[in-house]
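To keep things clear, I will list the structure first and then write my remarks on it.
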Amino acid sequence: MSTEIENKYVIFKLCKEYYGIPIDNVLSIEKTGQATRIPNAPNYVKGVINLRGEVVPVINLRKKLGMESDDSYKNSRIVVVSINEIVVGLMVDSSSEVLEIDKENIDKPPANGDNQFIEYISGIGKTSDRLIILLNLTKILEY
Amino acid sequence: MDLDLNQYIDVFVEEAKEHLQSMNEALLDLEKDNTNSSLINEIFRVAHTLKGMSGTMGFTHMANLTHEMENVLDGVRSNNITLDEDIIDIIFECFDALDYSVNAIATEGKEDEDDHKDLIHKLQMTLDNDKVEQSDIHSCHDENNNNDNDVLDEYVINVIKEANSKGLTAFKINITLSPKCMLKSARSFIVFNTLESMGDIIYSNPSAEDIEDEKFDLSFSLIIVTKLEEKELASALDRISEIDNIEITTIDAAGILENEQNINEKTHKDEKKLVSAPENHSKTDNRSRDSKVGKTVRVDIDRLDNLMNLVSELIIIKTRMDDLSETSNIENMAEAIEYLERITTSLHDAVMKVRMVPIERVFNRFPRMVRDLSKELNKEISLQMSGEDTEVDRTVIDEIGDPLIHIIRNSIDHGIETPKERIKRGKSEEGTVILKAYPDGNNVVIEVVDDGGGIDFNKVKVKAIEKGIITAEEGDILSQEEIIPLLFMPGFSTSDEVSDISGRGVGLDVVKSKIESINGSIEIDSEMGKGTRFIIRIPLTLAIIQALLVKLGDEIFAIPLSSITEITSITNDNIRDIQGQEIFLYRGKTIPIVRLNEIMKVESANEIDEHVVVVVRKGERQAGLLVDNLLGQQEIVIKPLGKYLSNIKYLSGATILGNGSISLILDVNSLI
């Protein structure tokens, strides 16, 4: 049972690339709604949203990963994740599917390249038709 | 061998804690009046009950320790041992050990490794000294070996009584194994297993562990609670080989009492006194406990939290309906909503009350602490407590203990002088620490007052300059009021010598941040030579508060009403700029101005001449918050911003408004 879940990933799109995060960290996927700005927070914190009575911070993942962002995309989704007792919504361009990626099809992240982006990556998943960048949630949610 | 006693651990821990608390109280009283035999009896009774309880649960270390305590106390009762300070100290140590063990059991589910050898040795030494060794070793011997005449304790009797009331029967089973039996523990394991499938084994003699270690001869006895008949038990046991003899007797709780009395008479004379006396006590005790049972229910805090959340939701929807009724014109709507409001308010109050516990829970550990400290420091101190029945929210109780310990330690260590010094200053030899709690509006106030030396403000100043917290020039112009906050700076301690009790570097700054984390505040009032007063103010409830909603640009923020003193308006002419700090004069006081829109990075509205000022207070200090607009007062439910945003400045949480949008709650403390 547990092995089955371990290699399932929620896949979403940012710019032109596909990204994945382990499915057991994902609580839900929401449409974007009205977010309340948090003053004095880092620029990638979009604000907090009301998720069925709970206050959940939302991170603009494009900004966090150093990509351009103008804050509004039609198909934007919020992937609500939970790790180490932290619950956060990740704003992504669009969320498409759940994929199974076996361990043997996951490569280590490229060792070279000095930009900060590399440390947010836990591996590269290979499927028949594309590459999926697997994200290291713990690193991303480090404040 | 695993007797399934886990289900009783909670009951065990709860009961043991209650017993320990009464032991603590009796001990403290005993120290003041060491001739009071009823107190000795009380402590004896508790030790005896604990021995039985822990023995039943297989916590042998605890059982052994309480057993030795019993011996010593019995010696005291029969005047073989004179009760002096040393003995009371040893008993206090035993109490600590027991307290520790119970806590370990509560968290680990099993007993800790410490077998209290030192303490047991100390206790035995006391006995030796007073030459009652003979009789006591004898009685000890008696107890360990009387397989037939096992004395049932209150705990087991209670379980049996309860079982009886549920229609279950308790059987006492004596098993004698065949002398040819090779693996006695394995054989008895089969017996236990067989019986466990049929009911609950609540007692065994010797204990399960001893049986497992083959620390028994050929026979052992146990008590099982089951709904089955005697015959069924017998036939099941008959199927096990290598058993010579099975005796099954039905027991009912009433019978046991009698039985027990009889057995006691047969055993040692001392032993008789030992058991029958507490027996009387326990009866009266049971009665008094019965009267309480009807009034209280233990409820899991999670369930209460859940209830609380539901009430919160109700309040949110009520607010929403309020909004709706203003826009729609349905008749009777307002009336219905008013009714709804009344109900939610009372429901809220009711739920809050359920969560309230008397502050006694925190206070009751202090008499002991003060006693220990005064001994250690050779100071004479009397602790006076009042308002122990003041009720505060459960979550507050958990948080307030450590800060109070720290303050009281401070008062005793740094505040109260040595007896010599006190006499020199014309004070009574004995120092006084007063601890009082009382409700004050939506707050509870806790005061810690001592009649010690007070705070030496010059010393504080010098120290602060020494530590580089302020410069010498700044020091010269500081008033007494301005010096007090220095005490709360991290790493500040005025005591010249760092003692074991306080002044370990964790100082009042920790106290302050802890109190502020539950939205409380702390003030100090001190007079040189006369004493110091710490005033702690904590909110009654943490989850739902009254707040003022204000507007900054398009955004709505909430300011807790409890920290607002006034609302006024000023024009640009009223604002003075003093070295970069804007202030205004209000009611003869200069109040610093905080431009919220700058702090909150809100596009400020066009330059206007008149500003709305919300004057907020934190202790003695005030500040005027400039806002764009006032929206009104509302009951809000505080929601945490979550771990991810826990470092955000100036905000203490968020709340959900009637229309579902989120408004942020300003942390007034950090704005001043």
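So you can find residues: chains in the structure tokens are A, B, ... in the order shown, residues in each start at 1, and ligands are numbered from 1 in order.
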
request  = Select from segment 180-238 of chain B everything DSSP, run on the backbone, classes as helix (DSSP H, G or I), then give the selection as a ChimeraX atom specification.
outcome  = /B:184-196,208-212,230-238

For chain A versus chain B, which residues have an atom no more than 8 Å away, and what is each residue's nearest atom pair and distance in Å rounded to one decimal, using only C-alpha atoms, chain-then-number order, as JSON lines?
```
{"residue": "A:Gln34", "atom": "CA", "partner": "B:Ser661", "partner_atom": "CA", "distance": 7.4}
{"residue": "A:Ala35", "atom": "CA", "partner": "B:Ile662", "partner_atom": "CA", "distance": 7.8}
{"residue": "A:Thr36", "atom": "CA", "partner": "B:Ile662", "partner_atom": "CA", "distance": 6.1}
{"residue": "A:Pro39", "atom": "CA", "partner": "B:Met600", "partner_atom": "CA", "distance": 5.1}
{"residue": "A:Asn40", "atom": "CA", "partner": "B:Met600", "partner_atom": "CA", "distance": 6.9}
{"residue": "A:Ala41", "atom": "CA", "partner": "B:Ile648", "partner_atom": "CA", "distance": 6.5}
{"residue": "A:Val48", "atom": "CA", "partner": "B:Ile662", "partner_atom": "CA", "distance": 7.5}
{"residue": "A:Ile49", "atom": "CA", "partner": "B:Ile662", "partner_atom": "CA", "distance": 6.9}
{"residue": "A:Asn50", "atom": "CA", "partner": "B:Ile662", "partner_atom": "CA", "distance": 6.5}
{"residue": "A:Gly53", "atom": "CA", "partner": "B:Ile656", "partner_atom": "CA", "distance": 7.4}
{"residue": "A:Glu54", "atom": "CA", "partner": "B:Lys639", "partner_atom": "CA", "distance": 7.2}
{"residue": "A:Val55", "atom": "CA", "partner": "B:Leu641", "partner_atom": "CA", "distance": 6.3}
{"residue": "A:Val56", "atom": "CA", "partner": "B:Leu641", "partner_atom": "CA", "distance": 7.1}
{"residue": "A:Pro57", "atom": "CA", "partner": "B:Leu641", "partner_atom": "CA", "distance": 7.4}
{"residue": "A:Glu85", "atom": "CA", "partner": "B:Lys643", "partner_atom": "CA", "distance": 7.4}
{"residue": "A:Ile86", "atom": "CA", "partner": "B:Lys643", "partner_atom": "CA", "distance": 5.6}
{"residue": "A:Val87", "atom": "CA", "partner": "B:Gly642", "partner_atom": "CA", "distance": 7.3}
{"residue": "A:Val88", "atom": "CA", "partner": "B:Tyr644", "partner_atom": "CA", "distance": 7.4}
{"residue": "A:Leu141", "atom": "CA", "partner": "B:Tyr644", "partner_atom": "CA", "distance": 7.5}
{"residue": "A:Tyr143", "atom": "CA", "partner": "B:Tyr644", "partner_atom": "CA", "distance": 7.1}
```

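We find atom CA of Val92 of chain A and atom CA of Asp554 of chain B to be spaced 26.3 Å apart.
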
The distance between atom CA of Val612 of chain B and atom CA of Phe584 of chain B is 12.7 Å

10 Å contact set for Glu17 of chain A, only C-alpha atoms, chain neighbours under 3 positions out, as a PDB file with N, CA and C atoms, in the first residue's frame:
```pdb
ATOM      1  N   PHE A  12       2.201  19.464 -12.101  1.00  0.00           N
ATOM      2  CA  PHE A  12       1.645  20.765 -12.495  1.00  0.00           C
ATOM      3  C   PHE A  12       2.641  21.488 -13.383  1.00  0.00           C
ATOM      4  N   LYS A  13       2.161  22.582 -13.952  1.00  0.00           N
ATOM      5  CA  LYS A  13       2.980  23.290 -14.926  1.00  0.00           C
ATOM      6  C   LYS A  13       3.383  24.656 -14.392  1.00  0.00           C
ATOM      7  N   LEU A  14       4.598  25.032 -14.664  1.00  0.00           N
ATOM      8  CA  LEU A  14       5.089  26.371 -14.359  1.00  0.00           C
ATOM      9  C   LEU A  14       5.892  26.784 -15.579  1.00  0.00           C
ATOM     10  N   ARG A 130       8.034  12.871 -21.412  1.00  0.00           N
ATOM     11  CA  ARG A 130       8.580  14.142 -20.931  1.00  0.00           C
ATOM     12  C   ARG A 130       9.375  13.960 -19.645  1.00  0.00           C
ATOM     13  N   LEU A 131      10.030  15.054 -19.254  1.00  0.00           N
ATOM     14  CA  LEU A 131      10.784  15.067 -18.013  1.00  0.00           C
ATOM     15  C   LEU A 131       9.989  15.860 -16.976  1.00  0.00           C
ATOM     16  N   ILE A 132       9.978  15.335 -15.748  1.00  0.00           N
ATOM     17  CA  ILE A 132       9.268  16.018 -14.671  1.00  0.00           C
ATOM     18  C   ILE A 132      10.285  16.465 -13.639  1.00  0.00           C
ATOM     19  N   ILE A 133      10.257  17.732 -13.282  1.00  0.00           N
ATOM     20  CA  ILE A 133      11.163  18.227 -12.242  1.00  0.00           C
ATOM     21  C   ILE A 133      10.493  17.986 -10.888  1.00  0.00           C
TER      22      ILE A 133
END
```

Show which residues sit within 12 Å of Leu137 of chain A, as a CSV table (one decimal) with C-alpha atoms, in the first residue's frame. Count only C-alpha atoms, and ignore same-chain residues fewer than 4 positions away.
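The new file out_19.csv reads:
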```csv
chain,number,residue,atom,x,y,z
A,19,TYR,CA,6.9,19.8,-12.0
A,20,GLY,CA,5.9,17.1,-9.5
A,21,ILE,CA,5.5,16.8,-5.8
A,22,PRO,CA,4.8,13.6,-3.8
A,23,ILE,CA,1.1,12.9,-3.6
A,24,ASP,CA,1.1,12.2,0.1
A,25,ASN,CA,2.2,15.8,0.8
A,26,VAL,CA,-0.8,17.2,-1.2
A,61,LEU,CA,5.8,29.3,-6.8
A,64,LYS,CA,9.8,31.6,-5.2
A,65,LEU,CA,11.7,29.7,-7.9
A,80,VAL,CA,-2.3,22.8,-0.8
A,81,VAL,CA,0.6,20.9,0.7
A,82,SER,CA,1.5,19.8,4.2
A,83,ILE,CA,5.0,19.0,5.4
A,84,ASN,CA,6.5,19.1,8.9
A,86,ILE,CA,3.4,23.4,7.8
A,87,VAL,CA,0.4,23.9,5.6
A,88,VAL,CA,0.9,26.1,2.6
A,89,GLY,CA,-0.8,26.6,-0.7
A,90,LEU,CA,1.5,26.7,-3.8
A,119,GLU,CA,18.6,23.2,-4.4
A,120,TYR,CA,14.9,23.2,-4.7
A,121,ILE,CA,15.0,20.1,-6.8
A,122,SER,CA,15.0,16.6,-5.4
A,123,GLY,CA,15.3,14.8,-8.7
A,141,LEU,CA,9.1,25.9,2.6
A,142,GLU,CA,12.2,26.9,4.5
A,143,TYR,CA,11.5,30.4,5.5
```

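Using only C-alpha atoms, the protein and nucleic acid residues lying no more than 10 Å from Asn519 of chain B, apart from those fewer than 3 places from it along its own chain, are B:Val396, B:Ser513, B:Lys514, B:Ile515, B:Glu516, B:Arg537, B:Ile538, B:Pro539, B:Thr541, B:Leu542, B:Ser652, B:Asp667, B:Val668, B:Asn669.
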
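Checking B:Glu31, B:Glu111, B:Asp628, B:Glu230 one by one against Asp84 of chain B, counting only C-alpha atoms, you find the shortest gap at B:Glu31.
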
**Message:** So that I can check the secondary structure, give me every residue of segment 27-112 of chain A assigned strand (DSSP E or B) by backbone DSSP, as a VMD selection string.
**Reply:** chain A and resid 27 to 31 36 45 to 51 54 to 60 77 to 83 86 to 92 94 to 100 106 to 107

Just the selected residues (C-alpha atoms), exported as a compact mmCIF listing (two decimals), in the first residue's frame, please.
```
# COMPACT_ATOMS: atom_id res chain seq x y z
CA LEU A 27 -3.95 17.91 0.78
CA SER A 28 -6.06 19.35 -2.01
CA ILE A 29 -6.02 21.39 -5.19
CA GLU A 30 -8.05 24.60 -5.16
CA LYS A 31 -9.03 27.30 -7.59
CA THR A 36 -5.35 38.79 1.74
CA VAL A 45 4.11 35.18 -0.35
CA LYS A 46 0.92 36.01 -2.17
CA GLY A 47 -1.14 36.23 0.99
CA VAL A 48 -3.53 34.14 3.02
CA ILE A 49 -6.72 32.52 1.82
CA ASN A 50 -9.78 31.22 3.60
CA LEU A 51 -9.76 27.50 3.03
CA GLU A 54 -8.81 27.79 8.03
CA VAL A 55 -6.31 30.50 7.23
CA VAL A 56 -3.73 29.16 4.77
CA PRO A 57 -0.73 31.08 3.39
CA VAL A 58 -0.22 30.95 -0.37
CA ILE A 59 3.16 31.08 -2.09
CA ASN A 60 3.57 32.20 -5.65
CA ARG A 77 -4.45 26.54 -9.24
CA ILE A 78 -3.43 26.37 -5.64
CA VAL A 79 -1.89 23.07 -4.59
CA VAL A 80 -2.30 22.83 -0.82
CA VAL A 81 0.59 20.89 0.65
CA SER A 82 1.51 19.84 4.15
CA ILE A 83 4.95 18.96 5.37
CA ILE A 86 3.43 23.45 7.82
CA VAL A 87 0.36 23.87 5.63
CA VAL A 88 0.87 26.09 2.61
CA GLY A 89 -0.80 26.64 -0.73
CA LEU A 90 1.46 26.70 -3.79
CA MET A 91 0.20 28.81 -6.67
CA VAL A 92 0.94 27.08 -9.98
CA SER A 94 -2.15 24.72 -13.97
CA SER A 95 -2.46 21.32 -12.47
CA SER A 96 -2.96 18.42 -14.77
CA GLU A 97 -2.65 14.92 -13.40
CA VAL A 98 -1.21 12.36 -11.06
CA LEU A 99 1.68 10.29 -12.44
CA GLU A 100 3.44 7.21 -11.22
CA ILE A 106 14.28 9.20 -11.20
CA ASP A 107 17.68 10.79 -11.80
```

Might you pull out every residue within 7 Å of Ser569 of chain B, with only C-alpha atoms counted and same-chain residues fewer than 4 positions away left off, and present them as a PyMOL selection string?
chain B and resi 610-613

Write the residues of the selection above to a file with N, CA and C atoms, as a compact mmCIF listing (two decimals), in the first residue's frame.
```txt
# COMPACT_ATOMS: atom_id res chain seq x y z
N GLU B 610 -7.06 65.73 8.53
CA GLU B 610 -7.52 65.15 9.79
C GLU B 610 -7.32 63.64 9.80
N HIS B 611 -6.74 63.15 10.89
CA HIS B 611 -6.48 61.72 10.99
C HIS B 611 -7.29 61.12 12.13
N VAL B 612 -7.67 59.85 11.94
CA VAL B 612 -8.28 59.12 13.05
C VAL B 612 -7.15 58.43 13.81
N VAL B 613 -7.14 58.59 15.13
CA VAL B 613 -6.08 57.99 15.94
C VAL B 613 -6.69 56.99 16.91
```

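Nearest to Ile124 of chain A of all the residues A:Tyr18, A:Thr32, A:Glu68, A:Pro42 is A:Tyr18, counting only C-alpha atoms.
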
Min atom-atom distance to Phe457 of chain B from the set B:Ile483, B:Val225, B:Met69, B:Met356, counting only C-alpha atoms, belongs to B:Ile483

Long-range neighbours of Gln480 of chain B as a compact mmCIF listing (two decimals) with N, CA and C atoms, in the first residue's frame, 12 Å cut-off, only C-alpha atoms, 6 positions minimum in chain:
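Writing done, so here's part-v9.txt:
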```txt
# COMPACT_ATOMS: atom_id res chain seq x y z
N ILE B 455 13.88 46.62 43.89
CA ILE B 455 14.85 46.68 42.80
C ILE B 455 15.71 47.93 42.95
N ASP B 456 17.01 47.72 42.87
CA ASP B 456 17.93 48.84 42.96
C ASP B 456 18.09 49.42 41.55
N PHE B 457 17.39 50.54 41.32
CA PHE B 457 17.34 51.05 39.95
C PHE B 457 18.71 51.53 39.46
N ASN B 458 19.52 52.02 40.41
CA ASN B 458 20.84 52.46 39.99
C ASN B 458 21.69 51.29 39.53
N LYS B 459 21.53 50.19 40.26
CA LYS B 459 22.27 48.99 39.92
C LYS B 459 21.85 48.51 38.52
N VAL B 460 20.55 48.56 38.29
CA VAL B 460 20.04 48.15 36.98
C VAL B 460 20.66 49.02 35.89
N LYS B 461 20.70 50.32 36.18
CA LYS B 461 21.24 51.26 35.20
C LYS B 461 22.70 50.93 34.90
N LEU B 486 14.22 47.68 30.96
CA LEU B 486 15.57 47.12 30.78
C LEU B 486 15.67 45.73 31.40
N LEU B 487 14.90 45.54 32.49
CA LEU B 487 14.94 44.24 33.18
C LEU B 487 14.50 43.12 32.26
N ILE B 524 6.11 45.75 36.43
CA ILE B 524 6.82 45.67 37.71
C ILE B 524 6.64 46.98 38.45
N ASP B 525 6.44 46.83 39.73
CA ASP B 525 6.27 47.99 40.58
C ASP B 525 7.20 47.72 41.77
N SER B 526 8.13 48.60 42.02
CA SER B 526 9.10 48.27 43.06
C SER B 526 9.53 49.50 43.83
N GLU B 527 9.78 49.30 45.11
CA GLU B 527 10.26 50.40 45.93
C GLU B 527 11.47 49.89 46.70
N MET B 528 12.56 50.66 46.62
CA MET B 528 13.79 50.26 47.31
C MET B 528 13.53 49.99 48.78
```
